[in-house]
Amino acid sequence: MRISFQTGYRNTLAEIERTNADLAKYQQQISSGKRLEVPSDDPTAAVGAVKEHTEIGTLDQFTQSADSANSRLTVIDTVLSDVINKLTQAQATTASAMGNTATAQQRISAADDLAGIRDSLFASFNTMFRGTYLFGGTDTTTSPYVQNPDGSIGAYLGTTTAQSVDINRQKAVQVTYNADGITRGADATDVFGVLQNLIADVQSGNQANMQTGMDALKRAFDRAVSTQSKVGTDENAVADEESRLDAMRRAAAARLSSEEDTNMAAAITGLSAADTAHKAALGAAATINKLSLLDYL
Amino acid sequence: MSGLFGSLGIAARALEAQRTGLDVVGQNMANVNTAGYSRREVDFAEVPPYERFGAGNGVEVEDIRAVRDMLLERRYRQELPTQSRASAIADQLAVVETALGKPGESIDKKLTAFFDSFSSLAQDPTSATARQQVVVQAQSLATAFHDMSSRLDSAQRSADASIVGAVDQTNSLVTEISQLNVAIAQANGAGADAQSLKDQQNEAVNKLAKVIDVSVMQRQDGGVDVTFGAGHPLVIGEVTYSLVSNPVGPLGLSQLMSNGIDVTSEIKAGSIGGLLQVRDSMVPQYRNDLDQIAYTVTNQVNTLHDAGFDLSGNGAGVFFTALGSASGAAAAIAVDPAVAADPSLVAAASIASPGDNQTARAISALRDARVMSGNTATMNDSWGRIIYRAGTDSATAKSDVGSHDEIVRQMEGLRDATSGVSLDEEAMSMLKFQRAYEASAKFFTTINGALDTLMNMVS
């Protein structure tokens, strides 16, 4: 086969361009750390990268939700512990005023204690976290209870619905509570009304009513404990979910890295091979171009 | 018998013939880099003796031929339209896929951020900051759709501008070929050398084949007739038929006319064929998919939002301005002006209670909802499909360019093996003719010496 000058030139140039392109490709991969610059570099990996970026974004959002939920649940848990303590204290105070051994002065003192407990519970159920009420159900902008001038507490002003946030695709946790469900439940009077009645009954020494009040406090106590138990369960679930989300994020990040990051060992090896090939192509071009019959004439 | 003067004639004809050979070598060497040049070969023929026992009368130049293989030329020309089509597609799509953006940094990122903002709102539905963030992210998403739609418009316009340029190039080449047809016919008619014109004709036709897939028929007078598509003429002898590009439609994209007939859909190969495929098939497909995502976001969010309640407990309206159809949705998507002006109108609640977050949660959950492609894909899945389709189209075009470049290079090699100039071969020919010239000159000197001897005998 005749090899024309143009054929030799074209073939040499094509080889130099090819090896140069390989060099540039590996150089770019190594310097950027990414093997995916445009989708056509690896369309399947590009789609995988879109999915993983989306997944990481979603997991980050669930993590943020879980963190937020955890903060709220911690506050709710603390408040409920305080409520439980106060209800225990109210029962003890009422018990101390019952029977024939309590003096009038002691009953007055007990009534004052019950008023303090009432005020403390009022403050607890009106707890705010980052500007929202935690015990008003979904009415997070209105205080669940209002105190009357005489010290008594008005009726529950919140809603029976509650606010939940998603901590993963399947699970949501409740982050606000309906205080009425704790203070009143299925009773006719809430715990504030019970305490208000007890204050009068303790002062008057009405044993029967004090016993009725004691029973109501016991039921309120049970509801508070039950609610705190649910909160605790949710706190554990959130903690577990945060661990899972962290693990899932790391897995997604690893998958993303395999889709779009440069395999440095392979790229450096490829760069070395491309460098050798490029030098060989240049050397061959120089050698071939030196050889001409014209030089010998 | 011819005598010594006859011998001088032999020497003179030989010197003339070998000098012509050297001229041909010089011509070949001079045109080693001339595109389309076919090497020349000189054919010598013996001049027979005039008498029965004569040695002969030396040599004469019978012909100077351009060495061509028409079969190879035709096969080479057949590869050019496919190569340029792939090259045009690859060049255009390289811009398009760059415009689509990297994974995680384009529409997908904006969609995620938009749904994240509703998730944040769900955590604190009465927060003015969270509501403002929802509006900001929605506007950012809408802007991203607008920008992407605009970039796809630009890609279509860019392809169209290249088509208009290619049409001009086609018409210029068509004119050149028709002029060469005339010149070749005239040269052949006058018995003049038309090889140089044939080289130019070949080169012009090859250039034309890169722009548009043409059929070439040889004419008796040495010219060529050129047609394309379903036999639409470009050159018939000396008559030319120009391609005309007429801007039509809202984007003013070119419709290609030949002799008053719309031939746009008939051009499948050459750079025009590739550009038309990008302009009329590939980019519109990406845009349709993008419009579908924008339309689905608008409808899905609006459906949930419309059923929700704003911060004041009033029934909410649409979140995005309602769209009539998917067509053009990416360019038209916009946050409802009332919502944009007053973020308290964002519906986070599904009941008339400001702390309820059911609607915000439901909208946030749309990120995972399979609401695209017959309820088989999420919105980000659909974006991934656009990326995949553009990536695959571009990768296929790049691969086609590589394989067709190689085929064309091989064909060029085969063609050059016949028609190309080899400097080593020319150097050898130069040596050959030089030596022959020297020998003839020596012969001339010898005969001249013999004549001197003869003359001296007379004197």
# chains A, B, ... in the order shown; residues from 1 in each chain; ligands from 1
>>> residues_around(residues="stretch 17-19 of chain A", least_positions_apart="4", cutoff="12 Å", atoms="only C-alpha atoms", output="ChimeraX atom specification")
/A:10-13,23-26,270-282 /B:402,405-406
>>> interface_residues(of="chain B", to="chain A", cutoff="8 Å", atoms="only C-alpha atoms", output="PyMOL selection string")
chain B and resi 32-33+97-98+101-104+108-109+112-113+116+119-120+122-123+126+353-357+361+365+380-381+384-385+387-395+409+412-413+416-418+420-424+427-428
>>> write_last_selection(atoms="C-alpha atoms", output="CSV table (one decimal), in the first residue's frame")
chain,number,residue,atom,x,y,z
B,32,VAL,CA,1.4,17.7,-1.6
B,33,ASN,CA,-0.7,19.8,0.8
B,97,GLU,CA,-25.7,19.0,28.4
B,98,THR,CA,-23.5,21.6,30.0
B,101,GLY,CA,-26.0,21.3,34.8
B,102,LYS,CA,-24.2,18.8,36.9
B,103,PRO,CA,-26.2,16.2,39.0
B,104,GLY,CA,-27.2,17.8,42.3
B,108,ASP,CA,-33.0,18.5,41.1
B,109,LYS,CA,-31.3,20.7,43.7
B,112,THR,CA,-35.1,19.3,46.9
B,113,ALA,CA,-34.7,22.8,48.4
B,116,ASP,CA,-37.2,21.1,52.2
B,119,SER,CA,-40.6,20.4,55.6
B,120,SER,CA,-39.1,23.3,57.6
B,122,ALA,CA,-44.0,21.8,58.9
B,123,GLN,CA,-41.7,21.9,61.8
B,126,THR,CA,-46.4,29.7,62.3
B,353,SER,CA,-55.7,26.1,63.0
B,354,PRO,CA,-52.4,28.0,62.6
B,355,GLY,CA,-50.3,25.3,64.2
B,356,ASP,CA,-51.5,22.5,62.0
B,357,ASN,CA,-48.9,21.4,59.5
B,361,ARG,CA,-46.1,17.8,55.4
B,365,ALA,CA,-43.9,14.5,50.9
B,380,ASN,CA,-36.5,14.2,40.5
B,381,ASP,CA,-36.6,10.8,38.7
B,384,GLY,CA,-32.8,12.2,36.1
B,385,ARG,CA,-34.3,10.8,32.9
B,387,ILE,CA,-30.1,14.0,32.2
B,388,TYR,CA,-29.8,10.3,31.1
B,389,ARG,CA,-31.4,11.0,27.7
B,390,ALA,CA,-29.2,14.0,27.0
B,391,GLY,CA,-26.1,12.2,28.3
B,392,THR,CA,-26.9,9.1,26.3
B,393,ASP,CA,-27.6,11.2,23.1
B,394,SER,CA,-24.4,13.1,23.6
B,395,ALA,CA,-22.3,10.0,24.4
B,409,ARG,CA,-9.7,8.4,8.0
B,412,GLU,CA,-9.0,8.9,3.1
B,413,GLY,CA,-6.0,6.5,3.6
B,416,ASP,CA,-4.6,8.7,-0.8
B,417,ALA,CA,-3.0,5.3,-1.4
B,418,THR,CA,-4.2,5.8,-5.0
B,420,GLY,CA,-2.2,11.0,-2.7
B,421,VAL,CA,1.3,12.3,-3.2
B,422,SER,CA,4.2,10.4,-1.6
B,423,LEU,CA,7.3,12.5,-1.3
B,424,ASP,CA,9.5,9.5,-1.2
B,427,ALA,CA,11.9,11.8,-4.9
B,428,MET,CA,12.5,8.4,-6.5
>>> select_by_dssp(residues="stretch 181-260 of chain B", states="alpha helix (DSSP H)", output="PyMOL selection string")
chain B and resi 181-189+195-211
>>> write_last_selection(atoms="N, CA and C atoms", output="PDB file, in the first residue's frame")
ATOM      1  N   ASN B 181     -18.849  22.832 -13.539  1.00  0.00           N
ATOM      2  CA  ASN B 181     -19.476  22.032 -14.600  1.00  0.00           C
ATOM      3  C   ASN B 181     -19.279  22.713 -15.953  1.00  0.00           C
ATOM      4  N   VAL B 182     -19.524  24.005 -15.967  1.00  0.00           N
ATOM      5  CA  VAL B 182     -19.386  24.772 -17.218  1.00  0.00           C
ATOM      6  C   VAL B 182     -17.933  24.746 -17.692  1.00  0.00           C
ATOM      7  N   ALA B 183     -17.019  25.022 -16.753  1.00  0.00           N
ATOM      8  CA  ALA B 183     -15.599  25.097 -17.115  1.00  0.00           C
ATOM      9  C   ALA B 183     -15.074  23.758 -17.608  1.00  0.00           C
ATOM     10  N   ILE B 184     -15.503  22.664 -16.949  1.00  0.00           N
ATOM     11  CA  ILE B 184     -15.029  21.329 -17.350  1.00  0.00           C
ATOM     12  C   ILE B 184     -15.559  20.977 -18.742  1.00  0.00           C
ATOM     13  N   ALA B 185     -16.821  21.276 -18.965  1.00  0.00           N
ATOM     14  CA  ALA B 185     -17.406  20.988 -20.278  1.00  0.00           C
ATOM     15  C   ALA B 185     -16.676  21.758 -21.375  1.00  0.00           C
ATOM     16  N   GLN B 186     -16.374  23.011 -21.068  1.00  0.00           N
ATOM     17  CA  GLN B 186     -15.665  23.839 -22.061  1.00  0.00           C
ATOM     18  C   GLN B 186     -14.260  23.294 -22.310  1.00  0.00           C
ATOM     19  N   ALA B 187     -13.550  22.924 -21.209  1.00  0.00           N
ATOM     20  CA  ALA B 187     -12.189  22.409 -21.359  1.00  0.00           C
ATOM     21  C   ALA B 187     -12.186  21.108 -22.148  1.00  0.00           C
ATOM     22  N   ASN B 188     -13.128  20.227 -21.806  1.00  0.00           N
ATOM     23  CA  ASN B 188     -13.200  18.944 -22.528  1.00  0.00           C
ATOM     24  C   ASN B 188     -13.539  19.183 -23.995  1.00  0.00           C
ATOM     25  N   GLY B 189     -14.428  20.128 -24.244  1.00  0.00           N
ATOM     26  CA  GLY B 189     -14.815  20.433 -25.616  1.00  0.00           C
ATOM     27  C   GLY B 189     -13.650  20.971 -26.427  1.00  0.00           C
ATOM     28  N   GLN B 195      -8.063  18.258 -15.680  1.00  0.00           N
ATOM     29  CA  GLN B 195      -7.820  17.492 -14.444  1.00  0.00           C
ATOM     30  C   GLN B 195      -7.854  18.386 -13.201  1.00  0.00           C
ATOM     31  N   SER B 196      -7.270  19.564 -13.340  1.00  0.00           N
ATOM     32  CA  SER B 196      -7.262  20.470 -12.202  1.00  0.00           C
ATOM     33  C   SER B 196      -8.696  20.862 -11.820  1.00  0.00           C
ATOM     34  N   LEU B 197      -9.526  21.087 -12.838  1.00  0.00           N
ATOM     35  CA  LEU B 197     -10.929  21.434 -12.573  1.00  0.00           C
ATOM     36  C   LEU B 197     -11.666  20.258 -11.938  1.00  0.00           C
ATOM     37  N   LYS B 198     -11.313  19.037 -12.376  1.00  0.00           N
ATOM     38  CA  LYS B 198     -11.960  17.844 -11.803  1.00  0.00           C
ATOM     39  C   LYS B 198     -11.600  17.704 -10.320  1.00  0.00           C
ATOM     40  N   ASP B 199     -10.325  18.022 -10.008  1.00  0.00           N
ATOM     41  CA  ASP B 199      -9.924  17.995  -8.590  1.00  0.00           C
ATOM     42  C   ASP B 199     -10.770  18.977  -7.783  1.00  0.00           C
ATOM     43  N   GLN B 200     -10.937  20.172  -8.326  1.00  0.00           N
ATOM     44  CA  GLN B 200     -11.733  21.194  -7.621  1.00  0.00           C
ATOM     45  C   GLN B 200     -13.192  20.751  -7.497  1.00  0.00           C
ATOM     46  N   GLN B 201     -13.666  20.104  -8.571  1.00  0.00           N
ATOM     47  CA  GLN B 201     -15.051  19.620  -8.547  1.00  0.00           C
ATOM     48  C   GLN B 201     -15.241  18.566  -7.449  1.00  0.00           C
ATOM     49  N   ASN B 202     -14.288  17.630  -7.403  1.00  0.00           N
ATOM     50  CA  ASN B 202     -14.346  16.587  -6.374  1.00  0.00           C
ATOM     51  C   ASN B 202     -14.345  17.207  -4.982  1.00  0.00           C
ATOM     52  N   GLU B 203     -13.465  18.167  -4.782  1.00  0.00           N
ATOM     53  CA  GLU B 203     -13.333  18.788  -3.469  1.00  0.00           C
ATOM     54  C   GLU B 203     -14.624  19.514  -3.085  1.00  0.00           C
ATOM     55  N   ALA B 204     -15.209  20.223  -4.057  1.00  0.00           N
ATOM     56  CA  ALA B 204     -16.449  20.960  -3.773  1.00  0.00           C
ATOM     57  C   ALA B 204     -17.592  19.997  -3.451  1.00  0.00           C
ATOM     58  N   VAL B 205     -17.678  18.906  -4.213  1.00  0.00           N
ATOM     59  CA  VAL B 205     -18.748  17.929  -3.960  1.00  0.00           C
ATOM     60  C   VAL B 205     -18.551  17.274  -2.590  1.00  0.00           C
ATOM     61  N   ASN B 206     -17.292  16.985  -2.241  1.00  0.00           N
ATOM     62  CA  ASN B 206     -17.029  16.402  -0.921  1.00  0.00           C
ATOM     63  C   ASN B 206     -17.420  17.377   0.193  1.00  0.00           C
ATOM     64  N   LYS B 207     -17.090  18.644  -0.013  1.00  0.00           N
ATOM     65  CA  LYS B 207     -17.488  19.650   0.998  1.00  0.00           C
ATOM     66  C   LYS B 207     -19.011  19.699   1.118  1.00  0.00           C
ATOM     67  N   LEU B 208     -19.684  19.612  -0.020  1.00  0.00           N
ATOM     68  CA  LEU B 208     -21.151  19.651  -0.020  1.00  0.00           C
ATOM     69  C   LEU B 208     -21.720  18.421   0.690  1.00  0.00           C
ATOM     70  N   ALA B 209     -21.075  17.272   0.486  1.00  0.00           N
ATOM     71  CA  ALA B 209     -21.550  16.031   1.112  1.00  0.00           C
ATOM     72  C   ALA B 209     -21.435  16.104   2.630  1.00  0.00           C
ATOM     73  N   LYS B 210     -20.506  16.931   3.118  1.00  0.00           N
ATOM     74  CA  LYS B 210     -20.400  17.087   4.574  1.00  0.00           C
ATOM     75  C   LYS B 210     -21.569  17.917   5.118  1.00  0.00           C
ATOM     76  N   VAL B 211     -22.107  18.777   4.293  1.00  0.00           N
ATOM     77  CA  VAL B 211     -23.179  19.666   4.747  1.00  0.00           C
ATOM     78  C   VAL B 211     -24.545  19.012   4.587  1.00  0.00           C
TER      79      VAL B 211
END
>>> residues_around(residues="A:Lys86", least_positions_apart="2", cutoff="8 Å", atoms="only C-alpha atoms", output="list in words")
Asp82, Val83, Ile84, Thr88, Gln89, Ala90, Ile117, Ser120 and Leu121 of chain A
>>> residues_around(residues="A:Lys34", least_positions_apart="6", cutoff="10 Å", atoms="only C-alpha atoms", output="PDB file with all heavy atoms, in the first residue's frame")
ATOM      1  N   GLN A  28      -7.777  16.162  34.061  1.00  0.00           N
ATOM      2  CA  GLN A  28      -8.976  16.845  34.557  1.00  0.00           C
ATOM      3  C   GLN A  28      -9.606  16.053  35.705  1.00  0.00           C
ATOM      4  O   GLN A  28     -10.023  16.623  36.721  1.00  0.00           O
ATOM      5  CB  GLN A  28      -9.945  17.024  33.390  1.00  0.00           C
ATOM      6  CG  GLN A  28     -11.176  17.843  33.681  1.00  0.00           C
ATOM      7  CD  GLN A  28     -12.281  16.991  34.244  1.00  0.00           C
ATOM      8  OE1 GLN A  28     -12.392  15.823  33.885  1.00  0.00           O
ATOM      9  NE2 GLN A  28     -13.053  17.548  35.136  1.00  0.00           N
ATOM     10  N   SER A 257     -20.227   8.994  45.823  1.00  0.00           N
ATOM     11  CA  SER A 257     -18.795   9.093  45.532  1.00  0.00           C
ATOM     12  C   SER A 257     -18.394   8.098  44.443  1.00  0.00           C
ATOM     13  O   SER A 257     -17.627   8.423  43.540  1.00  0.00           O
ATOM     14  CB  SER A 257     -18.003   8.834  46.815  1.00  0.00           C
ATOM     15  OG  SER A 257     -16.634   8.847  46.532  1.00  0.00           O
ATOM     16  N   SER A 258     -18.952   6.885  44.549  1.00  0.00           N
ATOM     17  CA  SER A 258     -18.595   5.877  43.531  1.00  0.00           C
ATOM     18  C   SER A 258     -19.143   6.266  42.164  1.00  0.00           C
ATOM     19  O   SER A 258     -18.587   5.879  41.133  1.00  0.00           O
ATOM     20  CB  SER A 258     -19.099   4.500  43.941  1.00  0.00           C
ATOM     21  OG  SER A 258     -20.500   4.445  43.805  1.00  0.00           O
ATOM     22  N   GLU A 259     -20.234   7.048  42.148  1.00  0.00           N
ATOM     23  CA  GLU A 259     -20.818   7.460  40.867  1.00  0.00           C
ATOM     24  C   GLU A 259     -20.037   8.592  40.228  1.00  0.00           C
ATOM     25  O   GLU A 259     -19.805   8.601  39.030  1.00  0.00           O
ATOM     26  CB  GLU A 259     -22.272   7.921  41.054  1.00  0.00           C
ATOM     27  CG  GLU A 259     -23.234   6.896  41.629  1.00  0.00           C
ATOM     28  CD  GLU A 259     -23.650   5.854  40.623  1.00  0.00           C
ATOM     29  OE1 GLU A 259     -22.956   5.672  39.615  1.00  0.00           O
ATOM     30  OE2 GLU A 259     -24.676   5.184  40.873  1.00  0.00           O
ATOM     31  N   GLU A 260     -19.629   9.579  41.050  1.00  0.00           N
ATOM     32  CA  GLU A 260     -19.103  10.795  40.425  1.00  0.00           C
ATOM     33  C   GLU A 260     -17.671  11.144  40.792  1.00  0.00           C
ATOM     34  O   GLU A 260     -17.092  12.019  40.145  1.00  0.00           O
ATOM     35  CB  GLU A 260     -20.025  11.991  40.729  1.00  0.00           C
ATOM     36  CG  GLU A 260     -20.080  12.392  42.183  1.00  0.00           C
ATOM     37  CD  GLU A 260     -20.973  13.620  42.397  1.00  0.00           C
ATOM     38  OE1 GLU A 260     -21.729  13.976  41.488  1.00  0.00           O
ATOM     39  OE2 GLU A 260     -20.892  14.201  43.485  1.00  0.00           O
ATOM     40  N   ASP A 261     -17.099  10.491  41.792  1.00  0.00           N
ATOM     41  CA  ASP A 261     -15.729  10.852  42.167  1.00  0.00           C
ATOM     42  C   ASP A 261     -14.706  10.042  41.374  1.00  0.00           C
ATOM     43  O   ASP A 261     -14.982   8.932  40.914  1.00  0.00           O
ATOM     44  CB  ASP A 261     -15.506  10.629  43.669  1.00  0.00           C
ATOM     45  CG  ASP A 261     -16.245  11.672  44.498  1.00  0.00           C
ATOM     46  OD1 ASP A 261     -16.746  12.641  43.889  1.00  0.00           O
ATOM     47  OD2 ASP A 261     -16.341  11.497  45.716  1.00  0.00           O
ATOM     48  N   THR A 262     -13.543  10.620  41.267  1.00  0.00           N
ATOM     49  CA  THR A 262     -12.462   9.965  40.533  1.00  0.00           C
ATOM     50  C   THR A 262     -11.875   8.831  41.369  1.00  0.00           C
ATOM     51  O   THR A 262     -11.636   8.998  42.574  1.00  0.00           O
ATOM     52  CB  THR A 262     -11.350  10.993  40.240  1.00  0.00           C
ATOM     53  OG1 THR A 262     -11.912  12.057  39.482  1.00  0.00           O
ATOM     54  CG2 THR A 262     -10.218  10.361  39.463  1.00  0.00           C
ATOM     55  N   ASN A 263     -11.672   7.693  40.713  1.00  0.00           N
ATOM     56  CA  ASN A 263     -10.893   6.625  41.336  1.00  0.00           C
ATOM     57  C   ASN A 263      -9.435   7.009  41.111  1.00  0.00           C
ATOM     58  O   ASN A 263      -8.891   6.841  40.020  1.00  0.00           O
ATOM     59  CB  ASN A 263     -11.228   5.290  40.663  1.00  0.00           C
ATOM     60  CG  ASN A 263     -10.424   4.151  41.246  1.00  0.00           C
ATOM     61  OD1 ASN A 263      -9.354   4.358  41.806  1.00  0.00           O
ATOM     62  ND2 ASN A 263     -10.945   2.946  41.099  1.00  0.00           N
ATOM     63  N   MET A 264      -8.832   7.579  42.162  1.00  0.00           N
ATOM     64  CA  MET A 264      -7.510   8.190  41.995  1.00  0.00           C
ATOM     65  C   MET A 264      -6.464   7.188  41.508  1.00  0.00           C
ATOM     66  O   MET A 264      -5.638   7.508  40.643  1.00  0.00           O
ATOM     67  CB  MET A 264      -7.050   8.822  43.316  1.00  0.00           C
ATOM     68  CG  MET A 264      -7.697  10.163  43.577  1.00  0.00           C
ATOM     69  SD  MET A 264      -7.245  11.385  42.323  1.00  0.00           S
ATOM     70  CE  MET A 264      -8.285  12.755  42.783  1.00  0.00           C
TER      71      MET A 264
END
>>> select_by_dssp(residues="stretch 26-130 of chain B", states="strand (DSSP E or B)", output="VMD selection string")
chain B and resid 40 to 46 59 to 66
>>> residues_around(residues="A:Thr127", least_positions_apart="5", cutoff="9 Å", atoms="only C-alpha atoms", output="PyMOL selection string")
chain A and resi 75-76+79+122+132-135+143
>>> closest_residue(among="A:Leu73, A:Ile182, A:Ala115, A:Ala92", to="A:Thr233", atoms="only C-alpha atoms")
A:Leu73
>>> residues_around(residues="stretch 277-292 of chain B", least_positions_apart="6", cutoff="7 Å", atoms="only C-alpha atoms", output="list in words")
Ile89, Ser149, Leu152, Gln156, Ala159, Asp160, Ala326, Ser327, Gly328, Ala329, Ala330 and Ile386 of chain B
>>> decode(residues="stretch 138-160 of chain A", atoms="N, CA and C atoms", output="PDB file, in the first residue's frame")
ATOM      1  N   THR A 138     -52.763  21.970  68.013  1.00  0.00           N
ATOM      2  CA  THR A 138     -52.261  22.642  66.815  1.00  0.00           C
ATOM      3  C   THR A 138     -52.416  24.159  66.910  1.00  0.00           C
ATOM      4  N   ASP A 139     -53.019  24.621  67.998  1.00  0.00           N
ATOM      5  CA  ASP A 139     -53.087  26.073  68.189  1.00  0.00           C
ATOM      6  C   ASP A 139     -51.842  26.477  68.966  1.00  0.00           C
ATOM      7  N   THR A 140     -50.784  26.716  68.217  1.00  0.00           N
ATOM      8  CA  THR A 140     -49.490  26.929  68.858  1.00  0.00           C
ATOM      9  C   THR A 140     -49.205  28.392  69.144  1.00  0.00           C
ATOM     10  N   THR A 141     -50.128  29.252  68.753  1.00  0.00           N
ATOM     11  CA  THR A 141     -49.871  30.686  68.947  1.00  0.00           C
ATOM     12  C   THR A 141     -50.685  31.280  70.095  1.00  0.00           C
ATOM     13  N   THR A 142     -51.616  30.475  70.620  1.00  0.00           N
ATOM     14  CA  THR A 142     -52.454  30.961  71.730  1.00  0.00           C
ATOM     15  C   THR A 142     -52.112  30.165  72.982  1.00  0.00           C
ATOM     16  N   SER A 143     -51.994  30.872  74.119  1.00  0.00           N
ATOM     17  CA  SER A 143     -51.670  30.123  75.342  1.00  0.00           C
ATOM     18  C   SER A 143     -52.846  29.200  75.675  1.00  0.00           C
ATOM     19  N   PRO A 144     -52.559  27.949  76.001  1.00  0.00           N
ATOM     20  CA  PRO A 144     -53.639  26.972  76.229  1.00  0.00           C
ATOM     21  C   PRO A 144     -54.548  27.358  77.404  1.00  0.00           C
ATOM     22  N   TYR A 145     -53.975  28.021  78.387  1.00  0.00           N
ATOM     23  CA  TYR A 145     -54.775  28.385  79.568  1.00  0.00           C
ATOM     24  C   TYR A 145     -54.554  29.851  79.909  1.00  0.00           C
ATOM     25  N   VAL A 146     -55.584  30.454  80.475  1.00  0.00           N
ATOM     26  CA  VAL A 146     -55.499  31.842  80.941  1.00  0.00           C
ATOM     27  C   VAL A 146     -55.914  31.862  82.413  1.00  0.00           C
ATOM     28  N   GLN A 147     -55.177  32.607  83.198  1.00  0.00           N
ATOM     29  CA  GLN A 147     -55.487  32.686  84.637  1.00  0.00           C
ATOM     30  C   GLN A 147     -56.427  33.858  84.897  1.00  0.00           C
ATOM     31  N   ASN A 148     -57.473  33.570  85.655  1.00  0.00           N
ATOM     32  CA  ASN A 148     -58.447  34.614  85.988  1.00  0.00           C
ATOM     33  C   ASN A 148     -57.902  35.488  87.118  1.00  0.00           C
ATOM     34  N   PRO A 149     -58.467  36.671  87.319  1.00  0.00           N
ATOM     35  CA  PRO A 149     -57.983  37.568  88.392  1.00  0.00           C
ATOM     36  C   PRO A 149     -58.030  36.927  89.776  1.00  0.00           C
ATOM     37  N   ASP A 150     -58.986  36.004  89.979  1.00  0.00           N
ATOM     38  CA  ASP A 150     -59.075  35.378  91.305  1.00  0.00           C
ATOM     39  C   ASP A 150     -58.094  34.226  91.461  1.00  0.00           C
ATOM     40  N   GLY A 151     -57.254  34.013  90.463  1.00  0.00           N
ATOM     41  CA  GLY A 151     -56.245  32.941  90.546  1.00  0.00           C
ATOM     42  C   GLY A 151     -56.674  31.655  89.909  1.00  0.00           C
ATOM     43  N   SER A 152     -57.967  31.512  89.681  1.00  0.00           N
ATOM     44  CA  SER A 152     -58.428  30.267  89.047  1.00  0.00           C
ATOM     45  C   SER A 152     -57.996  30.250  87.579  1.00  0.00           C
ATOM     46  N   ILE A 153     -57.969  29.045  86.983  1.00  0.00           N
ATOM     47  CA  ILE A 153     -57.517  28.877  85.603  1.00  0.00           C
ATOM     48  C   ILE A 153     -58.722  28.618  84.714  1.00  0.00           C
ATOM     49  N   GLY A 154     -58.762  29.316  83.585  1.00  0.00           N
ATOM     50  CA  GLY A 154     -59.894  29.165  82.680  1.00  0.00           C
ATOM     51  C   GLY A 154     -59.863  27.844  81.925  1.00  0.00           C
ATOM     52  N   ALA A 155     -60.869  27.657  81.089  1.00  0.00           N
ATOM     53  CA  ALA A 155     -60.975  26.404  80.320  1.00  0.00           C
ATOM     54  C   ALA A 155     -59.869  26.338  79.266  1.00  0.00           C
ATOM     55  N   TYR A 156     -59.586  25.130  78.833  1.00  0.00           N
ATOM     56  CA  TYR A 156     -58.557  24.880  77.810  1.00  0.00           C
ATOM     57  C   TYR A 156     -58.922  25.615  76.523  1.00  0.00           C
ATOM     58  N   LEU A 157     -57.958  26.351  75.951  1.00  0.00           N
ATOM     59  CA  LEU A 157     -58.213  27.173  74.765  1.00  0.00           C
ATOM     60  C   LEU A 157     -57.609  26.576  73.487  1.00  0.00           C
ATOM     61  N   GLY A 158     -56.852  25.497  73.663  1.00  0.00           N
ATOM     62  CA  GLY A 158     -56.193  24.917  72.484  1.00  0.00           C
ATOM     63  C   GLY A 158     -57.115  24.000  71.705  1.00  0.00           C
ATOM     64  N   THR A 159     -56.489  23.192  70.827  1.00  0.00           N
ATOM     65  CA  THR A 159     -57.269  22.255  69.999  1.00  0.00           C
ATOM     66  C   THR A 159     -57.027  20.829  70.467  1.00  0.00           C
ATOM     67  N   THR A 160     -57.910  19.957  70.027  1.00  0.00           N
ATOM     68  CA  THR A 160     -57.722  18.538  70.378  1.00  0.00           C
ATOM     69  C   THR A 160     -56.784  17.848  69.391  1.00  0.00           C
TER      70      THR A 160
END
